[in-house]
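Below is one structure, written out as structure tokens; the observations come after it.
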Amino acid sequence: MRLLFIGDVVGRAGRKAILERLPELRRRWALDFVVVNGENAAGGFGITEAICDEILAAGADCVTTGNHVFDQREALVFIERQPRLLRPVNYPPGTPGRGANLYSAENGRQVLVVNVQGRVFMDALDDPFAAIEREVGACPLGAACDALIVDIHAETSSEKMAMGHFVDGRASLVVGTHTHVPTADGQILPHGTAYMTDAGMTGDYDSVIGMEKEEPLRRFTRKTPGARFEPAQGEATLCGVAVELGADGLARCIAPVRVGGRLEQAGPRFWEREDEDRGQRLVEGIGAPRR
């Protein structure tokens, strides 16, 4: 199974990158399942129903969120009728929406996606480890689902790494979101779970974590409140992680994805090479003498 996870979409620039690039990536890499974190998609704060629908129509199978999920008040209502939009599973009981759901992939396989929020330097939600244990136990990989993806929306690398090791061998992919900076530690953990501390943001990197530079700089240098943060509007880099799974639902390959914008470009060479080899075999077959 081929998975693509795309990091936090920030503002109009991030949405533009998704709408323009995701359909082609889905076709080019023959993706079976795509998750997009969309919690900063609406002006940098939250997500609207129209924007959620746009991201899904562009090729996402599921949209995850985080601490900004309800910044747009309409999300309190439409999240109840949109099963492909998740909020952190460790929000208090009675919070609208769902934190985990089972989906059918392009190839018919069943994929469990769990969205969880960390607690270190963030709002004190319920224990994320207990919440993940509950969800993984209720729908175990290889028995009730064919792939299991965890989006841990957290501030600290240590909490994200701990979560990766906590479910190593029980999840297909554990990927961090929230800090808006892609990390260079994509790896397959000892028991087969693909892991990356942060997928990075899909937004304009000529910015301060996706926001126009002037106001964050003013706040850092003068320590006084001012204007509202506004998303930067330059060309976005679509950032994320690509993973190929084996028949057991565990990872065989992992690679960072960075497409467009200012960052150095990166992608899953294992899929590109496979496509090149397939094309070469086709050419050789066409050119071979008839017997």
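Labels used: A, B, ... for chains in the order of the structure tokens, numbers from 1 for residues in each chain, and numbers from 1 for ligands as shown.
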
Just asking: which residues within segment 81-274 of chain A are strand (DSSP E or B) according to DSSP, as a PyMOL selection string? chain A and resi 85+100-104+110-117+141+145+147-153+168+171+173-177+187-188+194-196+202-203+208+211+231+237-245+251-259+266

Each residue of segment 156-235 of chain A with at least one atom at most 12 Å from segment 55-66 of chain A should appear once, together with its nearest atom pair and the corresponding distance in Å (one decimal); atoms considered: only C-alpha atoms; ordering: chain, then increasing residue number; output as a Markdown table.
| residue | atom | partner | partner_atom | distance |
| --- | --- | --- | --- | --- |
| A:Val175 | CA | A:Thr64 | CA | 11.6 |
| A:Gly176 | CA | A:Gly66 | CA | 10.8 |
| A:Thr177 | CA | A:Gly66 | CA | 8.4 |
| A:His178 | CA | A:Gly66 | CA | 7.5 |
| A:Thr179 | CA | A:Gly66 | CA | 11.3 |

Counting only C-alpha atoms, which residues in segment 15-92 of chain A sit no more than 12 Å from segment 192-206 of chain A? For each one, give the nearest pair of atoms and the distance in Å, sorted by chain then residue number, as a tab-separated table.
residue	atom	partner	partner_atom	distance
A:Arg15	CA	A:Thr202	CA	8.0
A:Lys16	CA	A:Gly203	CA	9.1
A:Ala17	CA	A:Thr202	CA	7.3
A:Ile18	CA	A:Thr202	CA	8.0
A:Leu19	CA	A:Thr202	CA	11.5
A:Arg21	CA	A:Thr202	CA	11.2
A:Leu22	CA	A:Thr202	CA	11.4
A:Val35	CA	A:Ala199	CA	11.5
A:Val36	CA	A:Thr202	CA	9.6
A:Asn37	CA	A:Met201	CA	8.9
A:Gly38	CA	A:Thr202	CA	9.4
A:Glu39	CA	A:Met201	CA	10.7
A:Asn40	CA	A:Met201	CA	9.4
A:Ala41	CA	A:Thr202	CA	9.4
A:Gly43	CA	A:Gly203	CA	11.4
A:Gly44	CA	A:Gly203	CA	9.7

Please provide as a list in words all residues within 12 Å of segment 217-223 of chain A, with the sequence filter that same-chain residues fewer than 6 positions apart are discarded (counting only C-alpha atoms). Ser207, Val208, Ile209, Met211 and Phe229 of chain A

Taking N, CA and C atoms for each residue, export the selection above as a compact mmCIF listing (two decimals), in the first residue's frame.
# COMPACT_ATOMS: atom_id res chain seq x y z
N SER A 207 8.70 33.14 5.62
CA SER A 207 7.71 33.51 6.62
C SER A 207 8.22 33.12 8.00
N VAL A 208 7.41 33.35 9.02
CA VAL A 208 7.65 32.80 10.35
C VAL A 208 6.57 31.74 10.58
N ILE A 209 6.94 30.50 10.43
CA ILE A 209 6.05 29.32 10.44
C ILE A 209 4.74 29.55 9.68
N MET A 211 3.47 32.53 8.63
CA MET A 211 2.86 33.85 8.78
C MET A 211 3.78 34.94 8.23
N PHE A 229 -1.95 38.00 13.15
CA PHE A 229 -1.08 37.26 12.25
C PHE A 229 -1.81 36.99 10.93

DSSP says helix (DSSP H, G or I) for which residues of segment 68-194 of chain A? Put them as an mmCIF file with N, CA and C atoms, in the first residue's frame?
data_model
loop_
_atom_site.group_PDB
_atom_site.id
_atom_site.type_symbol
_atom_site.label_atom_id
_atom_site.label_comp_id
_atom_site.auth_asym_id
_atom_site.auth_seq_id
_atom_site.Cartn_x
_atom_site.Cartn_y
_atom_site.Cartn_z
ATOM 1 N N ALA A 75 -16.913 24.908 12.395
ATOM 2 C CA ALA A 75 -16.397 23.545 12.511
ATOM 3 C C ALA A 75 -17.098 22.762 13.619
ATOM 4 N N LEU A 76 -17.600 23.459 14.626
ATOM 5 C CA LEU A 76 -18.324 22.792 15.706
ATOM 6 C C LEU A 76 -19.568 22.070 15.195
ATOM 7 N N VAL A 77 -20.084 22.539 14.060
ATOM 8 C CA VAL A 77 -21.305 21.957 13.496
ATOM 9 C C VAL A 77 -20.975 20.961 12.388
ATOM 10 N N PHE A 78 -20.205 21.391 11.393
ATOM 11 C CA PHE A 78 -20.052 20.523 10.228
ATOM 12 C C PHE A 78 -19.151 19.326 10.488
ATOM 13 N N PRO A 128 -2.662 11.462 25.908
ATOM 14 C CA PRO A 128 -2.623 10.997 24.516
ATOM 15 C C PRO A 128 -2.208 9.539 24.393
ATOM 16 N N PHE A 129 -1.375 9.052 25.314
ATOM 17 C CA PHE A 129 -0.921 7.665 25.231
ATOM 18 C C PHE A 129 -2.048 6.696 25.573
ATOM 19 N N ALA A 130 -2.819 7.026 26.576
ATOM 20 C CA ALA A 130 -3.970 6.188 26.917
ATOM 21 C C ALA A 130 -4.996 6.195 25.792
ATOM 22 N N ALA A 131 -5.192 7.358 25.165
ATOM 23 C CA ALA A 131 -6.149 7.452 24.059
ATOM 24 C C ALA A 131 -5.706 6.605 22.873
ATOM 25 N N ILE A 132 -4.414 6.651 22.544
ATOM 26 C CA ILE A 132 -3.895 5.853 21.436
ATOM 27 C C ILE A 132 -3.982 4.368 21.763
ATOM 28 N N GLU A 133 -3.657 4.000 22.984
ATOM 29 C CA GLU A 133 -3.753 2.591 23.389
ATOM 30 C C GLU A 133 -5.180 2.079 23.211
ATOM 31 N N ARG A 134 -6.137 2.907 23.554
ATOM 32 C CA ARG A 134 -7.536 2.526 23.413
ATOM 33 C C ARG A 134 -7.915 2.302 21.946
ATOM 34 N N GLU A 135 -7.513 3.227 21.074
ATOM 35 C CA GLU A 135 -7.888 3.129 19.662
ATOM 36 C C GLU A 135 -7.163 1.986 18.965
ATOM 37 N N VAL A 136 -5.869 1.828 19.248
ATOM 38 C CA VAL A 136 -5.093 0.758 18.623
ATOM 39 C C VAL A 136 -5.588 -0.603 19.116
ATOM 40 N N GLY A 137 -5.964 -0.670 20.375
ATOM 41 C CA GLY A 137 -6.482 -1.926 20.907
ATOM 42 C C GLY A 137 -7.835 -2.293 20.330
ATOM 43 N N ALA A 138 -8.657 -1.297 20.042
ATOM 44 C CA ALA A 138 -9.994 -1.550 19.517
ATOM 45 C C ALA A 138 -9.980 -1.938 18.042
ATOM 46 N N SER A 157 9.553 17.420 20.344
ATOM 47 C CA SER A 157 10.025 16.241 19.617
ATOM 48 C C SER A 157 10.038 15.017 20.518
ATOM 49 N N SER A 158 10.320 15.202 21.810
ATOM 50 C CA SER A 158 10.392 14.053 22.711
ATOM 51 C C SER A 158 9.044 13.348 22.842
ATOM 52 N N GLU A 159 7.963 14.124 22.944
ATOM 53 C CA GLU A 159 6.643 13.511 23.071
ATOM 54 C C GLU A 159 6.262 12.765 21.795
ATOM 55 N N LYS A 160 6.613 13.328 20.651
ATOM 56 C CA LYS A 160 6.321 12.665 19.382
ATOM 57 C C LYS A 160 7.137 11.384 19.243
ATOM 58 N N MET A 161 8.424 11.456 19.576
ATOM 59 C CA MET A 161 9.266 10.256 19.491
ATOM 60 C C MET A 161 8.777 9.166 20.425
ATOM 61 N N ALA A 162 8.386 9.557 21.636
ATOM 62 C CA ALA A 162 7.867 8.582 22.595
ATOM 63 C C ALA A 162 6.633 7.884 22.037
ATOM 64 N N MET A 163 5.766 8.644 21.364
ATOM 65 C CA MET A 163 4.572 8.042 20.775
ATOM 66 C C MET A 163 4.946 7.054 19.681
ATOM 67 N N GLY A 164 5.944 7.382 18.878
ATOM 68 C CA GLY A 164 6.384 6.458 17.839
ATOM 69 C C GLY A 164 6.821 5.129 18.414
ATOM 70 N N HIS A 165 7.646 5.177 19.451
ATOM 71 C CA HIS A 165 8.125 3.939 20.066
ATOM 72 C C HIS A 165 7.010 3.225 20.824
ATOM 73 N N PHE A 166 6.054 3.982 21.342
ATOM 74 C CA PHE A 166 4.936 3.406 22.096
ATOM 75 C C PHE A 166 4.117 2.455 21.232
#

Exercise: Asn115 of chain A partners within 6 Å, only C-alpha atoms, chain neighbours under 5 positions left out, as a PyMOL selection string: chain A and resi 88-89+99+150-151

Next, dump the selected residues to file, keeping only all heavy atoms, as a CSV table (one decimal), in the first residue's frame.
chain,number,residue,atom,x,y,z
A,88,PRO,N,-8.5,16.0,17.4
A,88,PRO,CA,-7.7,15.1,18.3
A,88,PRO,C,-8.7,14.2,19.2
A,88,PRO,O,-9.7,14.6,19.7
A,88,PRO,CB,-7.0,16.1,19.2
A,88,PRO,CG,-6.7,17.3,18.3
A,88,PRO,CD,-8.0,17.4,17.5
A,89,VAL,N,-8.3,12.9,19.2
A,89,VAL,CA,-9.1,11.9,19.9
A,89,VAL,C,-9.1,12.1,21.4
A,89,VAL,O,-10.1,11.6,22.1
A,89,VAL,CB,-8.5,10.5,19.5
A,89,VAL,CG1,-7.2,10.3,20.2
A,89,VAL,CG2,-9.5,9.4,19.9
A,99,GLY,N,-12.2,11.5,16.7
A,99,GLY,CA,-10.7,11.5,16.7
A,99,GLY,C,-10.1,10.4,16.0
A,99,GLY,O,-8.9,10.4,15.8
A,150,VAL,N,-1.1,7.4,12.6
A,150,VAL,CA,-1.3,8.3,13.8
A,150,VAL,C,-0.7,9.6,13.4
A,150,VAL,O,0.5,9.7,13.1
A,150,VAL,CB,-0.6,7.7,15.0
A,150,VAL,CG1,-0.7,8.7,16.2
A,150,VAL,CG2,-1.2,6.3,15.4
A,151,ASP,N,-1.5,10.7,13.5
A,151,ASP,CA,-1.0,12.1,13.4
A,151,ASP,C,-1.0,12.6,14.8
A,151,ASP,O,-2.0,12.8,15.5
A,151,ASP,CB,-2.0,12.9,12.6
A,151,ASP,CG,-1.7,14.4,12.6
A,151,ASP,OD1,-0.8,14.8,13.3
A,151,ASP,OD2,-2.4,15.2,11.9

Nearest to Val120 of chain A, chosen from A:Asn107, A:Thr95, A:Thr224, A:Thr156, with only C-alpha atoms counted in the distances: A:Thr156
